[in-house]
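Participant: This is the structure, below, for whatever I ask next.
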Amino acid sequence: MKISQLMLFGVFFIGISSIEAQEKTSLTLDEAVKMAWEKSNEVTLANTKVNSKKYELQTVKNNQYPDLKISGQYQRLTKASIDMPNQGESASLASPDRAMLGMANLSLPLFAGFKIQNSIDAYESLYEAESVTAAKTKEDVALKVITYYTALYKAQKTLDVLTENQKSAKQRVTDFIELEKNGIIPRNDLLKAQLLVSKTQLSIDEANNNINNINFYLTTLLKLEPSVKIQVNEDDFFNLKTTGAPTSDVLALESRKDLEAIRLQQKASEANVKIAKAGYYPTISLLGGYTALDLKDIITVKYAMNFGLGLSYDLSGILKNSAHVKEAESKALEVKNTEAIMTDRIKVEVQKSIEDYDLAINQSVVYEEAFQQATENYRLVKDKFDNGLADTNDLVEADVEQLSAKINTAVAKATIIQKYYELLSVSGQLSQSFNLSKI
């Protein structure tokens with residue numbers, strides 16, 4: 001009976017372990033970025049805005065085509081009295097009981113001060129600007145994924161190092177308990193070892209909290225279930241290439257999507273100035289029409305066709321339009337100044353990212369050296385402690401320094417990758433790393 005209960009408990013434990021294992025998902029950075037591009041709300045909204053601009057452009061293009069309108073009426077009439085005074089007193093007509101009227105009108109704009117073509121040019125520029133803005137949104141989403149992904153790796157790696165160190169710290173407490181019982185070390189040394197275990201546990205709890213928070217942010221961005229636990233594979237992560245990093249702002253000024261969007265908006269604003277100046281010109285249209293009328297027993301009109309030219313000129317608008325032109329010119333100047341401000345900001349961002357990337361590389365080298373030094377220092381202090389030449393304070397301090405150096409070394413390489421992608425982002429090259437054009 002006991003054996004059966006143990007087997008049942010074992011099967012239950014295996015089932016729980018399987019469920020926990022299923023919840024963990026190993027996801028490469030490339031997969032995470034492409035998943036965000038396909039599912040994130042930001043990208044969906046950006047694509048929707050592009051479609052809206054596309055339809056606006058098509059609406060404006062339709063203005064160059066003729067307008068054709070048809071209308072018709074059918075009316076029942078009461079007993080109408082129809083007199084013809086010019087035909088004498090005896091002149092009278094029958095009283096009709098129905099009337100039908102049909103009309104078709106055609107209007108084709110021939111000249112409107114180049115307003116139609118300039119409107120098309122403006123909306124084409126705005127459509128292109130919205131398209132590159134959507135591409136910039138995808139780059140921003142990709143960088144957000146990279147930031148979360150890197151932070152998740154750092155938190156997971158920190159937890160691994162802390163957990164490993166906690167095992168040795170607990171073993172030290174076990175050893176110190178026996179030494180304290182035998183009077184070899186004072187109780188104060190045992191308390192210091194136990195305090196280190198408690199502090200390490202607090203760090204472990206904080207690392208777990210960070211992992212849970214970052215994992216939730218990332219799963220929310222990727223539209224995954226909150227119960228999914230994303231596991232960053234260290235080998236996949238460090239196989240990412242970090243070569244060919246930009247060294248100047250030349251690429252950024254040529255490739256940044258937000259700067260390109262501003263330049264396209266500048267083209268649209270220049271077209272809007274021309275649209276405003278169109279108010280100084282008359283509008284000429286080609287007109288055509290067809291009319292059919294049937295007033296029962298009175299008159300029937302068929303094949304009444306007309307055609308000609310229509311001219312419209314707002315004379316008062318010549319004086320009023322100057323304010324509209326100045327408004328358009330001022331807005332164009334706003335966009336031009338915005339472009340200048342953004343250009344300076346991009347230069348600053350690129351320079352900072354270059355410095356941060358170089359700093360991450362240099363820090364990684366220093367952290368590696370510090371880890372080797374801390375490891376050797378701990379070994380020497382441990383030997384001295386075992387031989388009674390160092391106290392517990394020295395041992396605990398050397399252990400803490402070794403732990404700190406190990407964590408710094410573990411996350412330094414991830415920082416290099418993060419700073420590399422940040423540099424690509426501010427240089428407008430991030431999309432090329434993940435084949436953005438294919439998404």
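To be explicit about the labels: the chains of the structure tokens are called A, B, and onward in the order shown, and within each one the residues are counted from 1, while ligands get numbers from 1 in the order they are shown.
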Write down as number ranges by chain the residues belonging to range 137-328 of chain A that are assigned helix (DSSP H, G or I) by DSSP computed on the backbone.

Facilitator: A: 137-181, 187-221, 234-238, 250-255, 257-280, 315-328

Participant: For Ala304 in chain A, work out the shell of residues within 9 Å, counting only C-alpha atoms and skipping chain neighbours fewer than 4 positions away, then give it as a list of chain:residue names.

Facilitator: A:Gly289, A:Tyr290, A:Thr291, A:Ala292

Participant: Choose the residue, out of A:Gln372, A:Leu159, A:Lys296, A:Ser227, that has the smallest atom-to-atom separation from Glu206 in chain A; count only C-alpha atoms.

Facilitator: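 Result for the nearest residue to Glu206 in chain A: A:Leu159.
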
Participant: For CA of Leu253 in chain A and CA of Gly428 in chain A, quote the distance in Å rounded to one decimal.

Facilitator: 8.4 Å

Participant: Just the residues within 7 Å of range 27-30 of chain A, please, counting only C-alpha atoms, with nothing from its chain fewer than 3 positions along; format it as a ChimeraX atom specification.

Facilitator: /A:33-34,230-232,236,434

Participant: Would you write out those residues with all heavy atoms, as a PDB file, in the first residue's frame?

Facilitator:
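Full text of part.pdb as output:
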ATOM      1  N   VAL A  33      11.741  39.373 -32.013  1.00  0.00           N
ATOM      2  CA  VAL A  33      11.550  40.616 -32.765  1.00  0.00           C
ATOM      3  C   VAL A  33      10.492  40.432 -33.850  1.00  0.00           C
ATOM      4  O   VAL A  33       9.575  41.254 -34.003  1.00  0.00           O
ATOM      5  CB  VAL A  33      12.887  41.089 -33.371  1.00  0.00           C
ATOM      6  CG1 VAL A  33      12.650  42.209 -34.378  1.00  0.00           C
ATOM      7  CG2 VAL A  33      13.836  41.555 -32.285  1.00  0.00           C
ATOM      8  N   LYS A  34      10.576  39.357 -34.600  1.00  0.00           N
ATOM      9  CA  LYS A  34       9.621  39.123 -35.683  1.00  0.00           C
ATOM     10  C   LYS A  34       8.219  38.868 -35.129  1.00  0.00           C
ATOM     11  O   LYS A  34       7.221  39.256 -35.743  1.00  0.00           O
ATOM     12  CB  LYS A  34      10.091  37.955 -36.539  1.00  0.00           C
ATOM     13  CG  LYS A  34      11.348  38.297 -37.344  1.00  0.00           C
ATOM     14  CD  LYS A  34      11.821  37.155 -38.215  1.00  0.00           C
ATOM     15  CE  LYS A  34      13.058  37.566 -39.009  1.00  0.00           C
ATOM     16  NZ  LYS A  34      13.586  36.481 -39.856  1.00  0.00           N
ATOM     17  N   ILE A 230       9.652  32.790 -20.570  1.00  0.00           N
ATOM     18  CA  ILE A 230      10.633  32.834 -21.654  1.00  0.00           C
ATOM     19  C   ILE A 230      12.023  32.565 -21.099  1.00  0.00           C
ATOM     20  O   ILE A 230      12.450  33.198 -20.128  1.00  0.00           O
ATOM     21  CB  ILE A 230      10.593  34.201 -22.359  1.00  0.00           C
ATOM     22  CG1 ILE A 230       9.219  34.424 -22.990  1.00  0.00           C
ATOM     23  CG2 ILE A 230      11.692  34.297 -23.416  1.00  0.00           C
ATOM     24  CD1 ILE A 230       9.046  35.771 -23.623  1.00  0.00           C
ATOM     25  N   GLN A 231      12.697  31.626 -21.707  1.00  0.00           N
ATOM     26  CA  GLN A 231      14.052  31.263 -21.298  1.00  0.00           C
ATOM     27  C   GLN A 231      15.024  31.706 -22.385  1.00  0.00           C
ATOM     28  O   GLN A 231      14.881  31.332 -23.546  1.00  0.00           O
ATOM     29  CB  GLN A 231      14.162  29.744 -21.075  1.00  0.00           C
ATOM     30  CG  GLN A 231      15.525  29.284 -20.600  1.00  0.00           C
ATOM     31  CD  GLN A 231      15.858  29.790 -19.206  1.00  0.00           C
ATOM     32  OE1 GLN A 231      14.975  29.870 -18.348  1.00  0.00           O
ATOM     33  NE2 GLN A 231      17.112  30.134 -18.975  1.00  0.00           N
ATOM     34  N   VAL A 232      15.999  32.513 -22.017  1.00  0.00           N
ATOM     35  CA  VAL A 232      17.006  32.972 -22.963  1.00  0.00           C
ATOM     36  C   VAL A 232      18.139  31.964 -22.999  1.00  0.00           C
ATOM     37  O   VAL A 232      18.782  31.697 -21.984  1.00  0.00           O
ATOM     38  CB  VAL A 232      17.548  34.359 -22.573  1.00  0.00           C
ATOM     39  CG1 VAL A 232      18.620  34.809 -23.574  1.00  0.00           C
ATOM     40  CG2 VAL A 232      16.411  35.373 -22.514  1.00  0.00           C
ATOM     41  N   ASP A 236      22.597  30.848 -27.970  1.00  0.00           N
ATOM     42  CA  ASP A 236      21.937  31.592 -29.044  1.00  0.00           C
ATOM     43  C   ASP A 236      22.162  33.098 -28.894  1.00  0.00           C
ATOM     44  O   ASP A 236      22.369  33.811 -29.878  1.00  0.00           O
ATOM     45  CB  ASP A 236      20.434  31.297 -29.047  1.00  0.00           C
ATOM     46  CG  ASP A 236      20.129  29.864 -29.437  1.00  0.00           C
ATOM     47  OD1 ASP A 236      20.975  29.253 -30.107  1.00  0.00           O
ATOM     48  OD2 ASP A 236      19.051  29.367 -29.059  1.00  0.00           O
ATOM     49  N   PHE A 434      17.401  42.468 -38.901  1.00  0.00           N
ATOM     50  CA  PHE A 434      16.309  41.515 -38.731  1.00  0.00           C
ATOM     51  C   PHE A 434      15.451  41.389 -39.983  1.00  0.00           C
ATOM     52  O   PHE A 434      14.330  40.910 -39.922  1.00  0.00           O
ATOM     53  CB  PHE A 434      15.422  41.943 -37.560  1.00  0.00           C
ATOM     54  CG  PHE A 434      16.137  41.940 -36.227  1.00  0.00           C
ATOM     55  CD1 PHE A 434      16.632  43.124 -35.711  1.00  0.00           C
ATOM     56  CD2 PHE A 434      16.333  40.767 -35.535  1.00  0.00           C
ATOM     57  CE1 PHE A 434      17.291  43.137 -34.492  1.00  0.00           C
ATOM     58  CE2 PHE A 434      16.999  40.770 -34.326  1.00  0.00           C
ATOM     59  CZ  PHE A 434      17.477  41.955 -33.806  1.00  0.00           C
TER      60      PHE A 434
END

Participant: CA of Tyr303 in chain A and CA of Ala104 in chain A are how many Å apart?

Facilitator: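 Distance between the two atoms: 11.3 Å.
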
Participant: Quick one, how far is CA of Ser312 in chain A from CA of Val273 in chain A?

Facilitator: 21.1 Å

Participant: Give me, as a PDB file with all heavy atoms, in the first residue's frame, all polymer residues having an atom no more than 12 Å from Gln201 in chain A, counting only C-alpha atoms and skipping those fewer than 2 positions away in the same chain.

Facilitator:
ATOM      1  N   LEU A 159      20.550  35.401 -11.370  1.00  0.00           N
ATOM      2  CA  LEU A 159      19.931  34.409 -10.487  1.00  0.00           C
ATOM      3  C   LEU A 159      20.754  33.129 -10.457  1.00  0.00           C
ATOM      4  O   LEU A 159      20.944  32.528  -9.379  1.00  0.00           O
ATOM      5  CB  LEU A 159      18.509  34.113 -10.968  1.00  0.00           C
ATOM      6  CG  LEU A 159      17.740  33.064 -10.169  1.00  0.00           C
ATOM      7  CD1 LEU A 159      17.569  33.498  -8.722  1.00  0.00           C
ATOM      8  CD2 LEU A 159      16.383  32.798 -10.814  1.00  0.00           C
ATOM      9  N   VAL A 161      23.983  32.767 -10.910  1.00  0.00           N
ATOM     10  CA  VAL A 161      25.219  32.999 -10.145  1.00  0.00           C
ATOM     11  C   VAL A 161      24.910  33.068  -8.654  1.00  0.00           C
ATOM     12  O   VAL A 161      25.634  32.492  -7.832  1.00  0.00           O
ATOM     13  CB  VAL A 161      25.909  34.294 -10.630  1.00  0.00           C
ATOM     14  CG1 VAL A 161      27.104  34.627  -9.737  1.00  0.00           C
ATOM     15  CG2 VAL A 161      26.363  34.155 -12.072  1.00  0.00           C
ATOM     16  N   LEU A 162      23.836  33.767  -8.312  1.00  0.00           N
ATOM     17  CA  LEU A 162      23.464  33.881  -6.898  1.00  0.00           C
ATOM     18  C   LEU A 162      23.091  32.525  -6.304  1.00  0.00           C
ATOM     19  O   LEU A 162      23.453  32.204  -5.171  1.00  0.00           O
ATOM     20  CB  LEU A 162      22.293  34.853  -6.748  1.00  0.00           C
ATOM     21  CG  LEU A 162      22.603  36.336  -6.974  1.00  0.00           C
ATOM     22  CD1 LEU A 162      21.311  37.136  -7.021  1.00  0.00           C
ATOM     23  CD2 LEU A 162      23.515  36.876  -5.871  1.00  0.00           C
ATOM     24  N   THR A 163      22.354  31.736  -7.066  1.00  0.00           N
ATOM     25  CA  THR A 163      21.952  30.405  -6.588  1.00  0.00           C
ATOM     26  C   THR A 163      23.168  29.516  -6.369  1.00  0.00           C
ATOM     27  O   THR A 163      23.253  28.791  -5.367  1.00  0.00           O
ATOM     28  CB  THR A 163      20.995  29.750  -7.604  1.00  0.00           C
ATOM     29  OG1 THR A 163      19.857  30.592  -7.810  1.00  0.00           O
ATOM     30  CG2 THR A 163      20.536  28.398  -7.097  1.00  0.00           C
ATOM     31  N   GLU A 164      24.107  29.587  -7.290  1.00  0.00           N
ATOM     32  CA  GLU A 164      25.336  28.802  -7.138  1.00  0.00           C
ATOM     33  C   GLU A 164      26.127  29.259  -5.922  1.00  0.00           C
ATOM     34  O   GLU A 164      26.648  28.447  -5.151  1.00  0.00           O
ATOM     35  CB  GLU A 164      26.176  28.955  -8.396  1.00  0.00           C
ATOM     36  CG  GLU A 164      27.476  28.153  -8.358  1.00  0.00           C
ATOM     37  CD  GLU A 164      28.317  28.364  -9.603  1.00  0.00           C
ATOM     38  OE1 GLU A 164      27.826  29.015 -10.549  1.00  0.00           O
ATOM     39  OE2 GLU A 164      29.458  27.884  -9.632  1.00  0.00           O
ATOM     40  N   ASN A 165      26.217  30.568  -5.738  1.00  0.00           N
ATOM     41  CA  ASN A 165      26.944  31.088  -4.583  1.00  0.00           C
ATOM     42  C   ASN A 165      26.232  30.762  -3.279  1.00  0.00           C
ATOM     43  O   ASN A 165      26.879  30.528  -2.246  1.00  0.00           O
ATOM     44  CB  ASN A 165      27.104  32.604  -4.734  1.00  0.00           C
ATOM     45  CG  ASN A 165      27.958  33.209  -3.639  1.00  0.00           C
ATOM     46  OD1 ASN A 165      27.444  33.707  -2.633  1.00  0.00           O
ATOM     47  ND2 ASN A 165      29.273  33.173  -3.816  1.00  0.00           N
ATOM     48  N   GLN A 166      24.897  30.720  -3.337  1.00  0.00           N
ATOM     49  CA  GLN A 166      24.127  30.412  -2.135  1.00  0.00           C
ATOM     50  C   GLN A 166      24.425  29.001  -1.633  1.00  0.00           C
ATOM     51  O   GLN A 166      24.477  28.743  -0.421  1.00  0.00           O
ATOM     52  CB  GLN A 166      22.634  30.581  -2.425  1.00  0.00           C
ATOM     53  CG  GLN A 166      21.718  30.338  -1.230  1.00  0.00           C
ATOM     54  CD  GLN A 166      21.703  31.485  -0.256  1.00  0.00           C
ATOM     55  OE1 GLN A 166      22.750  32.044   0.058  1.00  0.00           O
ATOM     56  NE2 GLN A 166      20.540  31.827   0.235  1.00  0.00           N
ATOM     57  N   LYS A 167      24.635  28.091  -2.566  1.00  0.00           N
ATOM     58  CA  LYS A 167      24.959  26.712  -2.173  1.00  0.00           C
ATOM     59  C   LYS A 167      26.257  26.662  -1.386  1.00  0.00           C
ATOM     60  O   LYS A 167      26.346  26.010  -0.332  1.00  0.00           O
ATOM     61  CB  LYS A 167      25.069  25.831  -3.417  1.00  0.00           C
ATOM     62  CG  LYS A 167      23.754  25.626  -4.148  1.00  0.00           C
ATOM     63  CD  LYS A 167      23.954  24.770  -5.386  1.00  0.00           C
ATOM     64  CE  LYS A 167      22.649  24.580  -6.149  1.00  0.00           C
ATOM     65  NZ  LYS A 167      22.847  23.773  -7.390  1.00  0.00           N
ATOM     66  N   ALA A 169      27.630  29.157   0.191  1.00  0.00           N
ATOM     67  CA  ALA A 169      27.451  29.907   1.432  1.00  0.00           C
ATOM     68  C   ALA A 169      26.749  29.061   2.487  1.00  0.00           C
ATOM     69  O   ALA A 169      27.110  29.094   3.678  1.00  0.00           O
ATOM     70  CB  ALA A 169      26.653  31.181   1.153  1.00  0.00           C
ATOM     71  N   LYS A 170      25.754  28.285   2.058  1.00  0.00           N
ATOM     72  CA  LYS A 170      25.064  27.405   3.003  1.00  0.00           C
ATOM     73  C   LYS A 170      25.989  26.288   3.488  1.00  0.00           C
ATOM     74  O   LYS A 170      25.927  25.883   4.665  1.00  0.00           O
ATOM     75  CB  LYS A 170      23.822  26.805   2.343  1.00  0.00           C
ATOM     76  CG  LYS A 170      22.681  27.798   2.152  1.00  0.00           C
ATOM     77  CD  LYS A 170      21.462  27.137   1.540  1.00  0.00           C
ATOM     78  CE  LYS A 170      20.300  28.111   1.415  1.00  0.00           C
ATOM     79  NZ  LYS A 170      19.102  27.487   0.814  1.00  0.00           N
ATOM     80  N   GLN A 194      26.083  33.132   8.437  1.00  0.00           N
ATOM     81  CA  GLN A 194      24.635  33.046   8.285  1.00  0.00           C
ATOM     82  C   GLN A 194      24.055  34.340   7.709  1.00  0.00           C
ATOM     83  O   GLN A 194      23.097  34.313   6.927  1.00  0.00           O
ATOM     84  CB  GLN A 194      23.987  32.729   9.637  1.00  0.00           C
ATOM     85  CG  GLN A 194      24.300  31.320  10.144  1.00  0.00           C
ATOM     86  CD  GLN A 194      23.782  31.074  11.557  1.00  0.00           C
ATOM     87  OE1 GLN A 194      23.650  32.020  12.349  1.00  0.00           O
ATOM     88  NE2 GLN A 194      23.506  29.814  11.871  1.00  0.00           N
ATOM     89  N   LEU A 195      24.640  35.470   8.110  1.00  0.00           N
ATOM     90  CA  LEU A 195      24.183  36.752   7.578  1.00  0.00           C
ATOM     91  C   LEU A 195      24.416  36.845   6.072  1.00  0.00           C
ATOM     92  O   LEU A 195      23.575  37.370   5.334  1.00  0.00           O
ATOM     93  CB  LEU A 195      24.916  37.894   8.294  1.00  0.00           C
ATOM     94  CG  LEU A 195      24.556  39.321   7.842  1.00  0.00           C
ATOM     95  CD1 LEU A 195      23.077  39.588   8.081  1.00  0.00           C
ATOM     96  CD2 LEU A 195      25.420  40.345   8.583  1.00  0.00           C
ATOM     97  N   LEU A 196      25.547  36.291   5.613  1.00  0.00           N
ATOM     98  CA  LEU A 196      25.826  36.295   4.180  1.00  0.00           C
ATOM     99  C   LEU A 196      24.787  35.461   3.430  1.00  0.00           C
ATOM    100  O   LEU A 196      24.347  35.834   2.334  1.00  0.00           O
ATOM    101  CB  LEU A 196      27.235  35.757   3.920  1.00  0.00           C
ATOM    102  CG  LEU A 196      27.653  35.697   2.446  1.00  0.00           C
ATOM    103  CD1 LEU A 196      27.591  37.090   1.821  1.00  0.00           C
ATOM    104  CD2 LEU A 196      29.041  35.100   2.293  1.00  0.00           C
ATOM    105  N   VAL A 197      24.372  34.334   4.003  1.00  0.00           N
ATOM    106  CA  VAL A 197      23.330  33.504   3.392  1.00  0.00           C
ATOM    107  C   VAL A 197      22.024  34.286   3.283  1.00  0.00           C
ATOM    108  O   VAL A 197      21.333  34.256   2.258  1.00  0.00           O
ATOM    109  CB  VAL A 197      23.121  32.213   4.206  1.00  0.00           C
ATOM    110  CG1 VAL A 197      21.896  31.457   3.708  1.00  0.00           C
ATOM    111  CG2 VAL A 197      24.349  31.325   4.121  1.00  0.00           C
ATOM    112  N   SER A 198      21.676  35.026   4.336  1.00  0.00           N
ATOM    113  CA  SER A 198      20.436  35.811   4.331  1.00  0.00           C
ATOM    114  C   SER A 198      20.486  36.913   3.283  1.00  0.00           C
ATOM    115  O   SER A 198      19.518  37.153   2.547  1.00  0.00           O
ATOM    116  CB  SER A 198      20.189  36.411   5.721  1.00  0.00           C
ATOM    117  OG  SER A 198      20.049  35.395   6.693  1.00  0.00           O
ATOM    118  N   LYS A 199      21.632  37.603   3.200  1.00  0.00           N
ATOM    119  CA  LYS A 199      21.759  38.672   2.204  1.00  0.00           C
ATOM    120  C   LYS A 199      21.702  38.117   0.783  1.00  0.00           C
ATOM    121  O   LYS A 199      21.101  38.730  -0.099  1.00  0.00           O
ATOM    122  CB  LYS A 199      23.076  39.422   2.425  1.00  0.00           C
ATOM    123  CG  LYS A 199      23.097  40.284   3.680  1.00  0.00           C
ATOM    124  CD  LYS A 199      24.418  41.035   3.799  1.00  0.00           C
ATOM    125  CE  LYS A 199      24.402  41.968   5.001  1.00  0.00           C
ATOM    126  NZ  LYS A 199      25.687  42.705   5.151  1.00  0.00           N
ATOM    127  N   SER A 203      18.983  38.861  -2.338  1.00  0.00           N
ATOM    128  CA  SER A 203      19.365  39.148  -3.723  1.00  0.00           C
ATOM    129  C   SER A 203      18.689  38.173  -4.682  1.00  0.00           C
ATOM    130  O   SER A 203      18.271  38.551  -5.790  1.00  0.00           O
ATOM    131  CB  SER A 203      20.883  39.082  -3.886  1.00  0.00           C
ATOM    132  OG  SER A 203      21.524  40.050  -3.083  1.00  0.00           O
ATOM    133  N   ILE A 204      18.567  36.913  -4.273  1.00  0.00           N
ATOM    134  CA  ILE A 204      17.884  35.910  -5.094  1.00  0.00           C
ATOM    135  C   ILE A 204      16.412  36.271  -5.263  1.00  0.00           C
ATOM    136  O   ILE A 204      15.854  36.190  -6.375  1.00  0.00           O
ATOM    137  CB  ILE A 204      18.037  34.508  -4.470  1.00  0.00           C
ATOM    138  CG1 ILE A 204      19.486  34.026  -4.601  1.00  0.00           C
ATOM    139  CG2 ILE A 204      17.083  33.510  -5.130  1.00  0.00           C
ATOM    140  CD1 ILE A 204      19.754  32.710  -3.913  1.00  0.00           C
ATOM    141  N   ASP A 205      15.777  36.685  -4.172  1.00  0.00           N
ATOM    142  CA  ASP A 205      14.363  37.085  -4.245  1.00  0.00           C
ATOM    143  C   ASP A 205      14.186  38.285  -5.173  1.00  0.00           C
ATOM    144  O   ASP A 205      13.222  38.350  -5.952  1.00  0.00           O
ATOM    145  CB  ASP A 205      13.836  37.414  -2.845  1.00  0.00           C
ATOM    146  CG  ASP A 205      13.798  36.188  -1.935  1.00  0.00           C
ATOM    147  OD1 ASP A 205      13.787  35.069  -2.475  1.00  0.00           O
ATOM    148  OD2 ASP A 205      13.790  36.369  -0.702  1.00  0.00           O
ATOM    149  N   GLU A 206      15.102  39.227  -5.086  1.00  0.00           N
ATOM    150  CA  GLU A 206      15.026  40.399  -5.965  1.00  0.00           C
ATOM    151  C   GLU A 206      15.240  39.999  -7.415  1.00  0.00           C
ATOM    152  O   GLU A 206      14.557  40.523  -8.311  1.00  0.00           O
ATOM    153  CB  GLU A 206      16.081  41.424  -5.535  1.00  0.00           C
ATOM    154  CG  GLU A 206      16.019  42.723  -6.327  1.00  0.00           C
ATOM    155  CD  GLU A 206      17.010  43.756  -5.846  1.00  0.00           C
ATOM    156  OE1 GLU A 206      17.671  43.519  -4.812  1.00  0.00           O
ATOM    157  OE2 GLU A 206      17.126  44.802  -6.506  1.00  0.00           O
ATOM    158  N   ALA A 207      16.170  39.084  -7.679  1.00  0.00           N
ATOM    159  CA  ALA A 207      16.413  38.622  -9.046  1.00  0.00           C
ATOM    160  C   ALA A 207      15.168  37.917  -9.599  1.00  0.00           C
ATOM    161  O   ALA A 207      14.797  38.111 -10.765  1.00  0.00           O
ATOM    162  CB  ALA A 207      17.618  37.684  -9.075  1.00  0.00           C
ATOM    163  N   ASN A 208      14.528  37.092  -8.775  1.00  0.00           N
ATOM    164  CA  ASN A 208      13.289  36.424  -9.205  1.00  0.00           C
ATOM    165  C   ASN A 208      12.194  37.437  -9.513  1.00  0.00           C
ATOM    166  O   ASN A 208      11.438  37.291 -10.483  1.00  0.00           O
ATOM    167  CB  ASN A 208      12.808  35.462  -8.111  1.00  0.00           C
ATOM    168  CG  ASN A 208      13.476  34.103  -8.205  1.00  0.00           C
ATOM    169  OD1 ASN A 208      13.590  33.536  -9.283  1.00  0.00           O
ATOM    170  ND2 ASN A 208      13.922  33.590  -7.071  1.00  0.00           N
TER     171      ASN A 208
END
